[in-house]
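*Asks:* To start, I am sharing the structure in question, which I have written as structure tokens.
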Amino acid sequence: MKKMKKRMISLAALLIAFAMSADTLIVQADAPYKTYTVDGYGYVSETQTAYLPYETITKIGEEALNAPTDFTLLDDGYMYILDSGNARVVVSDMEANLVTTFGEGVLVNPRGIYVTPEHLCYVADRDARAVFVFNADGELINTYGKPTAPLYGETQDFLPLKVIANEAGTMYIICESNTNGVVQISPVDGGTFLGYFGTNGTDPSLWNIIWRSIQTDAQRAKSRGNIPATPDNMAIDEKGLIYTVTRGEGYDTLKRLNIAGINMIEPDAYEEVPAAVAVGNHDNVFVASQMGYIYEYNNEGDLLFVFGGSDDGQQRIGLSTKVEAIQVGTDDKIYVLDSDKAQIQIYEPTEFTNYLHQALYLFSKGRYTESKEPLTEVLKMNNLFDYANMAMGRALYKEENYHDAVYYARLAKDYEGYSDAFWEIRNNWLKHNLAAVIIILFALFVIKKIIDVLDKKKHILDKPRAVMHKVGDVKIIKQLRYMFYYMRHPIDGCYGIKREGRVSLLSANILLVLIMLFYIINKYFCGFLMKNVREGSYDILSDIGFIVIVLGLVVGCNYLMCTINEGEGKIKHIYCSFLYSMAPYLVFTPIIFLMSHVVTFNEVFFIEFAQLFMIVWIAVLVFIAIKEINNYKVKETFKIIGLTVFTILIACLLAFIIYVLWSQVFDFLQSVFGEVVYRFGS
Amino acid sequence: MAAKGKKICSLIMAVILLLFVPDPGSGMALTAHAAESIDGHNFVAENARYALYMKEEDLSVIVADKQTGAYMESAISHDDGNNNNIWLGAMKSAVVLTMINQSDDTKQADLLNDDVTKTITYTSNGFTAELYWNTYKLGMKLEVSLEEDGLVARIPDDSIREDGEAYQIGTISIYPFMGCSYLDDKEGYLFIPDGNGALIYLDDKEGRFNSGYTAMIYGTDVGFQENVVESLLWGRHQMINDAQKVMAPVYGIAHTDDRIAYLAVVEEGAMRAMIEADPNGVSVDYNRVFAKFVERRLYTQPTSNNSSSGSFKKPEDSRSHSDLQIRFMFLSEDEADYCGMANAYRDYLMSRGLLRTAEDSYRTRLDFLGTERENWVIGTSSVVMTTVDDIREIYGDLENAGVTSIFTVYKGWQKGGLYNVPISKYKADGGIGGTSALTGLIEDAAADGIQIYLYNDAMRINPDEQNATFNVIKMINKRRFSEDTHMDVYEEMMYLTPARSGKLLDKFAESYLKKGVDTICLAGVSNTLFSYNYSGEFYTRYDCGESYESMVRELDEQAALVLEQPFAYLWQYTDAYLDMPLYTSSYIFEDESVPFLSIVFKGVIPVYSEYVNFEANKQEFFLKMVETGTYPSFYITKESSAELIYTNSCDIYSSEYSVYRDTIIEYTSELQALNAKVAGAHIVGHEIMDNGVTKVTYDNGVMVYVNYSSTAQTVDGTTVEAMSYKVGE
């Protein structure tokens with residue numbers, strides 16, 4: 001049995017037989033995996049299948065692979081597979097026919113391979129502690145061992161895992177446990193160490209800095225976050241730019257490094273455990289995760305697709321167990337090497353993906369009008385596809401079709417594009433209507449003047465004015481109007497609240513309701529560019545809950561602190577004064593709200609300034625309110641504010657502890673009850 | 001060693017074949033005579049074509065074709081020496097049980113390794129055997145009879161006895177190795193009902209697979225929802241599509257070199273049975289496919305709401321009750337392939353009234369989405385996608401373009417939109433024009449020959465829109481079942497009890513029929529089966545299936561019904577098959593996807609595809625429809641599907657009519673012409689050639705060549721362009 005299992009003969013044999021008789025056999029299969037894309041909010045949404053499983057190569061000619069770890073696919077149709085388990089290089093053509101093998105006896109534990117278009121083959125051998133170079137005939141022509149340069153570090157071991165080389169022959173080598181970065185060796189003089197390249201950063205967050213400052217030296221040396229991560233794999237494109245993937249680096253997992261080692265890509269999604277990276281034919285980049293997920297990005301790092309998956313026993317075609325390498329063919333097929341399954345899985349792009357690639361290419365070359373055609377096809381098949389909507393918006397913008405551009409930009413959540421197109425629309429509107437606006441403004445001004453004059457002479461406004469006064473004298477209105485006075489004269493205002501009864505609980509509650517109303521309206525209905533929440537999502541209850549809880553905590557804790565610190569304030573006064581201190585919010589929000597509908601990113605400063613102004617004003621009012629209501633000095637006020645913040649923290653902690661304890665108790669009781677019922681009840 | 005054994009085995013087989021397979025030329029001259037015994041099995045009974053032999057030791061049988069001498073055996077006839085006694089017992093016995101002992105469900109009982117009392121009685125056309133496992137105190141009666149259309153093996157429910165305390169029956173397999181073969185000794189394939197149908201070739205798999213196909217007939221049971229290991233992207237997103245449900249309780253094996261095959265139909269007990277197919281290399285080197293009846297299962301009973309804090313494993317309190325019966329329909333010579341199996345299955349269904357002929361002329365299916373809901377500040381607001389007037393307009397536009405034969409399912413027509421389920425009243429959403437406008441549309445369309453069916457998911461209830469406190473099912477562990485939609489507006493759905501579904505459906509039908517319209521498309525109940533708990537009672541899948549069937553039967557008497565992807569026991573009530581899968585689940589051990597179900601239905605009832613919208617390879621999908629005689633389906637909205645972005649239907653990323661107009665017209669003109677030629681005809685031949693061409697032969701002589709390859713190919717003197725098709729006669 002075991003023997004039989006070992007004799008791995010492949011499906012490839014069958015497929016080759018087919019491939020010989022027909023040129024290519026298109027495998028009809030439905031993908032067992034889903035394909036996702038990421039929308040402008042970073043939300044994941046499903047899309048058409050982007051790549052279908054096409055073929056599986058499990059054997060090259062009659063040669064079975066044993067734990068292969070890397071391979072290179074050349075444009076002329078040759079595949080160099082690093083058959084690590086057998087410590088050799090297997091060369092194959094695209095039909096999985098064996099061309100040759102070499103490296104037996106030289107290689108010890110090879111882990112990475114790179115082959116130039118001229119068939120110069122670099123092999124990184126971990127246990128031989130060397131990079132071997134073979135010529136096209138498989139003859140060893142060069143061996144590069146540990147660099148002797150002092151800069152490399154004498155104690156630093158040389159354990160090459162992956163290697164690539166640029167046109168000049170300079171090698172970039174990823175070494176195990178070398179955290180300085182990618183080792184760069186020039187072929188000059190039998191190998192000259194040029195330095196380290198593409199070093200990852202460490203995490204200099206505030207928390208880490210504080211944490212480090214209280215650690216001992218020994219602890220510091222051990223702590224993980226301070227050692228920059230070594231890249232896991234890399235690739236090089238035609239321009240000589242180097243792509244690296246590093247696990248655990250967050251949005252820096254995928255980097256595109258220029259010659260100076262500067263990162264030029266910002267992915268909008270990343271993989272936790274990347275295994276390999278490859279450059280596509282349309283300025284696109286592919287990242288394969290060890291689990292078998294395959295990501296395709298455009299040249300700006302926008303995630304186009306993620307598909308594939310790991311095979312946990314589902315036994316479905318196209319799922320992987322342990323991915324080690326990924327390559328892209330000239331026909332856009334993706335080749336994924338799985339070391340566990342010892343196979344290369346080929347995926348072929350679907351019609352949908354082909355259109356997208358066409359668009360990608362044209363768009364990146366700036367041929368916007370041409371790119372509209374494939375984009376239209378893409379959007380026909382999926383008109384929620386984010387990248388296509390974005391590109392369509394940009395293309396339309398270039399064609400000066402701003403109205404449609406705004407539509408697509410908004411669908412794609414392309415804020416920049418939206419802002420630009422909207423600016424043009426607004427500009428056009430102003431151009432056409434400026435005269436009219438001026439005339440209307442002038443007319444309004446004239447009318448006002450006339451009314452003023454008439455009023456002076458014939459008192460035509462007396463009646464309305466009387467009504468206004470009457471309404472204004474209604475108690476509750478008066479109390480509400482007190483807000484405006486309070487804003488401008490907070491010290492007198494507090495006196496009014498405290499001693500003169502100028503406000504009531506009712507008026508404060510009305511203000512609270514208004515604040516909630518304004519908050520909700522502004523949050524969900526402000527201009528697209530200023531919107532912080534996802535379109536189409538509403539969560540009113542938690543908004544209201546949030547306001548109520550914050551207010552309750554602040555008022556409650558402040559009151560508690562004031563009572564034990566000789567404050568004079570009653571809870572009613574504190575409550576009212578806090579709400580009246582929010583008056584600037586009620587005054588500014590409508591203005592901000594209206595402005596948000598007409599500004600673009602060019603004028604966003606106005607809104608930001610208004611917001612800042614409002615916040616400072618509120619802060620000053622709150623400060624004065626605490627001081628005046630309790631009759632504190634400035635120093636005492638600061639102390640009270642500090643204490644209040646502390647109390648709030650304690651209250652939150654308390655609530656959390658009680659919650660945790662109770663849920664434990666509850667869960668325990670339920671478990672006991674449940675078990676009794678189910679064991680003996682039935 | 002193994003290779004040597006294999007060679008010897010092949011040699012023996014060759015000798016046997018030489019002995020039993022007469023020269024084809026002279027073979028026909030032989031009168032159909034049954035031999036006395038084959039391979040230790042004695043003659044028991046015969047029918048016109050086949051003879052039945054049985055070995056008393058393990059009750060294994062051999063069915064031989066009297067004309068060709070080819071036969072299939074239910075036990076392995078040759079041991080490669082790599083099998084332990086447990087496996088040998090399983091590979092030879094007529095009945096194999098797994099038993100449950102406390103929380104262990106792995107112990108096996110068979111006829112060879114255990115102390116079994118057998119009382120065998122021969123009948124006119126077979127035998128019955130009373131079986132009693134003395135150690136485990138379990139008993140049952142196996143009845144085997146050779147009828148004209150096949151070998152029937154049956155275990156009556158009332159014969160099953162569980163006398164002991166310690167051991168209870170978990171599963172029962174009857175003739176699990178029927179038609180088995182060793183490695184690549186035989187040419188042929190295993191047929192499994194995955195998707196439309198799939199084949200696993202009988203070649204030497206060389207140990208590539210460590211598990212085979214296992215699927216519950218009629219889908220998994222949500223009542224036993226288990227914590228399956230999910231492959232989640234970023235810990236959230238399900239990456240792997242669900243495998244296709246098994247629509248029909250069938251499986252089969254064909255030995256194409258011997259020109260003998262069987263199709264097994266699980267006639268009774270199918271609602272709680274699994275189909276397992278294991279190619280060689282999965283545990284043992286024999287190819288086999290069989291049905292495994294589930295009598296009782298272990299389940300996980302959590303003891304608190306916090307799933308991590310406590311649970312225990314427990315078997316069901318009582319076993320499920322149903323007779324267990326499999327019919328092995330043997331096929332010979334030209335019929336001994338998957339196409340023959342499909343034809344035999346169709347004849348079987350038609351002769352028993354399990355499938356009825358419906359009006360089968362070509363129609364293009366245009367489904368419309370009426371209204372959906374999206375979140376708003378307070379509650380939800382309506383998103384109107386396609387109104388009644390829009391549909392009229394679209395019909396008019398298509399009529400002008402020559403598209404008149406249309407079949408429509410109208411989704412989301414009801415008040416409150418697509419997910420305001422269940423529907424208990426005929427009340428259309430105001431947004432689409434209201435009830436009377438809808439009635440008017442259905443009537444006017446019917447006058448023009450267009451059928452409009454109203455979509456009704458009678459199984460699900462939306463707890464956000466309707467009161468789901470009562471009448472929803474609980475799982476066997478008494479936890480309320482809810483289905484996660486992974487969407488933002490309505491995050492979960494629950495399942496109604498079948499009784500409640502029936503009641504609401506009756507109410508709906510009553511108010512609907514009153515208006516003089518009677519076309520209903522049923523979903524949910526058509527393709528779901530579950531065990532459930534409701535008010536202290538436990539109901540099995542049989543109970544659920546029976547309720548659903550009687551509900552559909554009653555409705556069918558009053559209304560014209562189409563069912564969405566219906567299971568086999570409902571086929572007799574549907575006028576069309578909606579959402580026919582054209583592919584399989586793409587298991588690595590599947591070698592070929594074959595249109596088994598399509599062959600069964602072609603010429604009997606119209607079969608509509610899954611939505612063309614969401615196919616990434618449109619041309620290939622089109623060719624698949626040509627090959628299988630499937631009619632195309634489109635999911636259409638008047639408005640741009642971008643409007644759906646914030647609704648639960650946000651997975652509908654492409655549906656706007658203006659986008660699909662040309663495709664609809666093009667597909668209709670091509671497929672209508674093609675299907676006119678094969679109207680009412682059955683598929684009698686289906687051949688997948690090495691050059692990427694598939695040849696489909698109809699019983700009226702029409703042949704369809706479909707070329708899936710990227711170059712032009714010539715078959716039978718006909719040249720077919722790349723990714724194209726041709727019709728010949």
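Chain identifiers are assigned as A, B, and so on, following the order in which chains appear in the structure tokens; residues are numbered from 1 within each chain, and ligands are numbered from 1 in order of appearance.
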Find the residues around Gly301 of chain A up to 10 Å (only C-alpha atoms counted), leave out those fewer than 4 positions away in its own chain, and share them as a ChimeraX atom specification.
*Replies:* /A:251,254-256,264-270,284-285,296-297
*Asks:* From a backbone DSSP assignment, name each residue in segment 96-258 of chain B labelled strand (DSSP E or B), as a PyMOL selection string.
*Replies:* chain B and resi 96-101+104-109+116-123+126-133+138-147+150-155+161-162+168-174+181-182+188-192+198-201+213-217+232-233+237-238+240+246+250-255
*Asks:* Could you please write out, as a list in words, every residue of segment 644-709 of chain B that DSSP assigns to helix (DSSP H, G or I)?
*Replies:*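 Going through segment 644-709 of chain B, the helix (DSSP H, G or I) residues come out as Leu644, Ile645, Tyr646, Tyr657, Ser658, Val659, Tyr660, Arg661, Asp662, Thr663, Ile664, Ile665, Glu666, Tyr667, Thr668, Ser669, Glu670, Leu671, Gln672, Ala673, Leu674, Asn675, Ala676 and Lys677 of chain B.
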*Asks:* Take the selection from the previous step and output its residues with N, CA and C atoms, as a PDB file, in the first residue's frame.
*Replies:*
ATOM      1  N   LEU B 644     -28.754  48.379  -5.692  1.00  0.00           N
ATOM      2  CA  LEU B 644     -28.933  47.332  -4.687  1.00  0.00           C
ATOM      3  C   LEU B 644     -27.780  47.282  -3.697  1.00  0.00           C
ATOM      4  N   ILE B 645     -26.828  48.181  -3.874  1.00  0.00           N
ATOM      5  CA  ILE B 645     -25.572  48.075  -3.121  1.00  0.00           C
ATOM      6  C   ILE B 645     -25.776  48.025  -1.602  1.00  0.00           C
ATOM      7  N   TYR B 646     -26.788  48.712  -1.114  1.00  0.00           N
ATOM      8  CA  TYR B 646     -26.980  48.728   0.350  1.00  0.00           C
ATOM      9  C   TYR B 646     -28.108  47.817   0.807  1.00  0.00           C
ATOM     10  N   TYR B 657     -31.507  45.702 -17.246  1.00  0.00           N
ATOM     11  CA  TYR B 657     -32.066  45.212 -18.497  1.00  0.00           C
ATOM     12  C   TYR B 657     -31.285  45.705 -19.703  1.00  0.00           C
ATOM     13  N   SER B 658     -30.953  46.989 -19.713  1.00  0.00           N
ATOM     14  CA  SER B 658     -30.292  47.535 -20.897  1.00  0.00           C
ATOM     15  C   SER B 658     -28.961  46.844 -21.168  1.00  0.00           C
ATOM     16  N   VAL B 659     -28.332  46.325 -20.106  1.00  0.00           N
ATOM     17  CA  VAL B 659     -27.068  45.614 -20.284  1.00  0.00           C
ATOM     18  C   VAL B 659     -27.295  44.250 -20.933  1.00  0.00           C
ATOM     19  N   TYR B 660     -28.420  43.619 -20.585  1.00  0.00           N
ATOM     20  CA  TYR B 660     -28.639  42.236 -21.020  1.00  0.00           C
ATOM     21  C   TYR B 660     -29.538  42.107 -22.241  1.00  0.00           C
ATOM     22  N   ARG B 661     -30.090  43.209 -22.682  1.00  0.00           N
ATOM     23  CA  ARG B 661     -31.058  43.145 -23.773  1.00  0.00           C
ATOM     24  C   ARG B 661     -30.493  42.372 -24.968  1.00  0.00           C
ATOM     25  N   ASP B 662     -29.331  42.774 -25.425  1.00  0.00           N
ATOM     26  CA  ASP B 662     -28.773  42.146 -26.626  1.00  0.00           C
ATOM     27  C   ASP B 662     -28.463  40.671 -26.400  1.00  0.00           C
ATOM     28  N   THR B 663     -27.944  40.367 -25.210  1.00  0.00           N
ATOM     29  CA  THR B 663     -27.640  38.960 -24.904  1.00  0.00           C
ATOM     30  C   THR B 663     -28.915  38.131 -24.928  1.00  0.00           C
ATOM     31  N   ILE B 664     -29.989  38.675 -24.361  1.00  0.00           N
ATOM     32  CA  ILE B 664     -31.251  37.930 -24.319  1.00  0.00           C
ATOM     33  C   ILE B 664     -31.706  37.625 -25.742  1.00  0.00           C
ATOM     34  N   ILE B 665     -31.638  38.644 -26.591  1.00  0.00           N
ATOM     35  CA  ILE B 665     -32.112  38.458 -27.964  1.00  0.00           C
ATOM     36  C   ILE B 665     -31.242  37.433 -28.695  1.00  0.00           C
ATOM     37  N   GLU B 666     -29.949  37.567 -28.499  1.00  0.00           N
ATOM     38  CA  GLU B 666     -29.017  36.660 -29.186  1.00  0.00           C
ATOM     39  C   GLU B 666     -29.199  35.207 -28.720  1.00  0.00           C
ATOM     40  N   TYR B 667     -29.227  35.033 -27.408  1.00  0.00           N
ATOM     41  CA  TYR B 667     -29.383  33.674 -26.867  1.00  0.00           C
ATOM     42  C   TYR B 667     -30.699  33.081 -27.334  1.00  0.00           C
ATOM     43  N   THR B 668     -31.752  33.888 -27.279  1.00  0.00           N
ATOM     44  CA  THR B 668     -33.063  33.367 -27.639  1.00  0.00           C
ATOM     45  C   THR B 668     -33.063  32.882 -29.078  1.00  0.00           C
ATOM     46  N   SER B 669     -32.533  33.697 -29.982  1.00  0.00           N
ATOM     47  CA  SER B 669     -32.628  33.292 -31.380  1.00  0.00           C
ATOM     48  C   SER B 669     -31.812  32.017 -31.610  1.00  0.00           C
ATOM     49  N   GLU B 670     -30.658  31.907 -30.995  1.00  0.00           N
ATOM     50  CA  GLU B 670     -29.846  30.703 -31.214  1.00  0.00           C
ATOM     51  C   GLU B 670     -30.449  29.467 -30.561  1.00  0.00           C
ATOM     52  N   LEU B 671     -30.795  29.627 -29.284  1.00  0.00           N
ATOM     53  CA  LEU B 671     -31.250  28.442 -28.552  1.00  0.00           C
ATOM     54  C   LEU B 671     -32.653  28.019 -28.964  1.00  0.00           C
ATOM     55  N   GLN B 672     -33.460  28.981 -29.376  1.00  0.00           N
ATOM     56  CA  GLN B 672     -34.810  28.638 -29.816  1.00  0.00           C
ATOM     57  C   GLN B 672     -34.721  27.781 -31.074  1.00  0.00           C
ATOM     58  N   ALA B 673     -33.854  28.191 -32.003  1.00  0.00           N
ATOM     59  CA  ALA B 673     -33.694  27.436 -33.248  1.00  0.00           C
ATOM     60  C   ALA B 673     -33.180  26.032 -32.942  1.00  0.00           C
ATOM     61  N   LEU B 674     -32.203  25.975 -32.050  1.00  0.00           N
ATOM     62  CA  LEU B 674     -31.622  24.676 -31.715  1.00  0.00           C
ATOM     63  C   LEU B 674     -32.656  23.764 -31.073  1.00  0.00           C
ATOM     64  N   ASN B 675     -33.377  24.315 -30.086  1.00  0.00           N
ATOM     65  CA  ASN B 675     -34.303  23.474 -29.348  1.00  0.00           C
ATOM     66  C   ASN B 675     -35.547  23.112 -30.149  1.00  0.00           C
ATOM     67  N   ALA B 676     -35.834  23.902 -31.180  1.00  0.00           N
ATOM     68  CA  ALA B 676     -36.953  23.538 -32.051  1.00  0.00           C
ATOM     69  C   ALA B 676     -36.655  22.202 -32.727  1.00  0.00           C
ATOM     70  N   LYS B 677     -35.403  21.979 -33.050  1.00  0.00           N
ATOM     71  CA  LYS B 677     -35.029  20.740 -33.738  1.00  0.00           C
ATOM     72  C   LYS B 677     -35.131  19.519 -32.835  1.00  0.00           C
TER      73      LYS B 677
END
*Asks:* Would you mind listing what lies within 10 Å of Gly629 of chain B as a CSV table (one decimal) with N, CA and C atoms, in the first residue's frame, with only C-alpha atoms counted and same-chain residues fewer than 6 positions away left out?
*Replies:*
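Output saved as selection34.csv:
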chain,number,residue,atom,x,y,z
B,362,TYR,N,-39.4,25.8,-26.0
B,362,TYR,CA,-38.4,26.7,-25.6
B,362,TYR,C,-38.9,28.0,-25.0
B,595,PRO,N,-23.8,15.5,-17.9
B,595,PRO,CA,-25.2,16.0,-17.7
B,595,PRO,C,-26.2,15.0,-17.4
B,598,SER,N,-29.7,16.5,-16.8
B,598,SER,CA,-30.2,17.1,-18.0
B,598,SER,C,-30.8,16.1,-18.9
B,599,ILE,N,-30.0,14.9,-19.0
B,599,ILE,CA,-30.5,13.9,-19.9
B,599,ILE,C,-31.8,13.3,-19.4
B,601,PHE,N,-34.1,14.9,-17.8
B,601,PHE,CA,-35.3,15.8,-18.0
B,601,PHE,C,-35.5,16.2,-19.5
B,602,LYS,N,-34.5,16.2,-20.3
B,602,LYS,CA,-34.6,16.7,-21.6
B,602,LYS,C,-35.8,16.0,-22.4
B,603,GLY,N,-36.7,16.8,-22.9
B,603,GLY,CA,-37.8,16.3,-23.6
B,603,GLY,C,-39.0,15.9,-22.6
B,606,PRO,N,-39.3,21.4,-19.1
B,606,PRO,CA,-38.3,22.4,-19.4
B,606,PRO,C,-37.3,22.6,-18.3
B,607,VAL,N,-36.1,22.7,-18.6
B,607,VAL,CA,-35.0,22.9,-17.6
B,607,VAL,C,-34.4,24.3,-17.8
B,608,TYR,N,-34.4,25.1,-16.8
B,608,TYR,CA,-33.8,26.4,-16.9
B,608,TYR,C,-32.5,26.4,-16.1
B,609,SER,N,-31.5,27.1,-16.7
B,609,SER,CA,-30.2,27.2,-16.1
B,609,SER,C,-30.1,28.1,-14.8
B,623,LEU,N,-22.3,27.3,-24.3
B,623,LEU,CA,-22.1,26.0,-24.9
B,623,LEU,C,-22.6,24.9,-24.0
B,671,LEU,N,-30.8,29.6,-29.3
B,671,LEU,CA,-31.2,28.4,-28.6
B,671,LEU,C,-32.7,28.0,-29.0
B,674,LEU,N,-32.2,26.0,-32.0
B,674,LEU,CA,-31.6,24.7,-31.7
B,674,LEU,C,-32.7,23.8,-31.1
B,675,ASN,N,-33.4,24.3,-30.1
B,675,ASN,CA,-34.3,23.5,-29.3
B,675,ASN,C,-35.5,23.1,-30.1
B,678,VAL,N,-35.0,19.7,-31.5
B,678,VAL,CA,-35.0,18.6,-30.7
B,678,VAL,C,-36.2,18.6,-29.7
B,679,ALA,N,-37.3,19.3,-30.1
B,679,ALA,CA,-38.4,19.5,-29.3
B,679,ALA,C,-39.0,18.1,-28.9
B,682,HIS,N,-35.6,12.9,-26.6
B,682,HIS,CA,-34.7,12.6,-25.5
B,682,HIS,C,-33.3,12.5,-26.0
B,683,ILE,N,-32.3,12.7,-25.1
B,683,ILE,CA,-30.9,12.5,-25.4
B,683,ILE,C,-30.6,11.0,-25.3
B,696,VAL,N,-23.7,15.1,-28.7
B,696,VAL,CA,-24.9,14.7,-28.1
B,696,VAL,C,-25.9,14.2,-29.2
B,704,VAL,N,-25.8,17.1,-31.9
B,704,VAL,CA,-25.2,18.4,-31.6
B,704,VAL,C,-23.8,18.2,-31.2
*Asks:* My list of candidates is A:Ile476, A:Ile574, A:Ala583, A:Gly556. Which is closest to Leu511 of chain A when distances are computed with only C-alpha atoms?
*Replies:*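 Among the listed residues, A:Ala583 lies closest to Leu511 of chain A.
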*Asks:* Just the number, please: distance in Å from atom CA of Leu517 of chain A to atom CA of Tyr585 of chain A, one decimal.
*Replies:* 11.5 Å
*Asks:* Which neighbours of segment 545-553 of chain A fall inside 12 Å, counting only C-alpha atoms, when residues of the same chain fewer than 3 positions from it are skipped, and could you give them as number ranges by chain?
*Replies:* A: 509, 512-520, 539-542, 556-561, 571, 574-576, 578-579, 582, 644-652, 655
*Asks:* Give me the residues within 12 Å of His119 of chain A as a list in words, counting only C-alpha atoms and dropping any in the same chain fewer than 3 places off.
*Replies:*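 Neighbouring residues, sequence-local ones excluded: Thr72, Leu73, Leu74, Asp75, Asp76, Gly77, Tyr78, Met79, Tyr80, Val91, Ile113, Tyr114, Val115, Thr116, Tyr122, Val133, Phe134, Asn135, Ala136, Asp137, Gly138 and Glu139 of chain A.
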*Asks:* Have a look at atom CA of Ile326 of chain A and atom CA of Asp591 of chain B and let me know their distance in Å, one decimal.
*Replies:*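 Straight-line distance from atom CA of Ile326 of chain A to atom CA of Asp591 of chain B works out to 25.8 Å.
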*Asks:* Rank nothing, just name the residue among B:Tyr286, B:Phe209, B:Trp133, B:Tyr698 nearest to chain A, using only C-alpha atoms.
*Replies:*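 Among the listed residues, B:Phe209 lies closest to chain A.
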*Asks:* Tell me which of B:Lys427, B:Asp184, B:Leu199, B:Val403 sits closest to Ile588 of chain B, counting only C-alpha atoms.
*Replies:*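 Ranked by minimum distance to Ile588 of chain B, first place goes to B:Leu199.
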*Asks:* Calculate how many Å separate atom CA of Gln343 of chain A from atom CA of Ile57 of chain A, rounding to one decimal.
*Replies:*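 Separating atom CA of Gln343 of chain A from atom CA of Ile57 of chain A is a distance of 5.5 Å.
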*Asks:* Taking only C-alpha atoms into account, which of B:Phe43, B:Tyr539, B:Tyr587, B:Trp571 comes nearest Val604 of chain B?
*Replies:*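 The shortest atom-to-atom distance to Val604 of chain B comes from B:Trp571.
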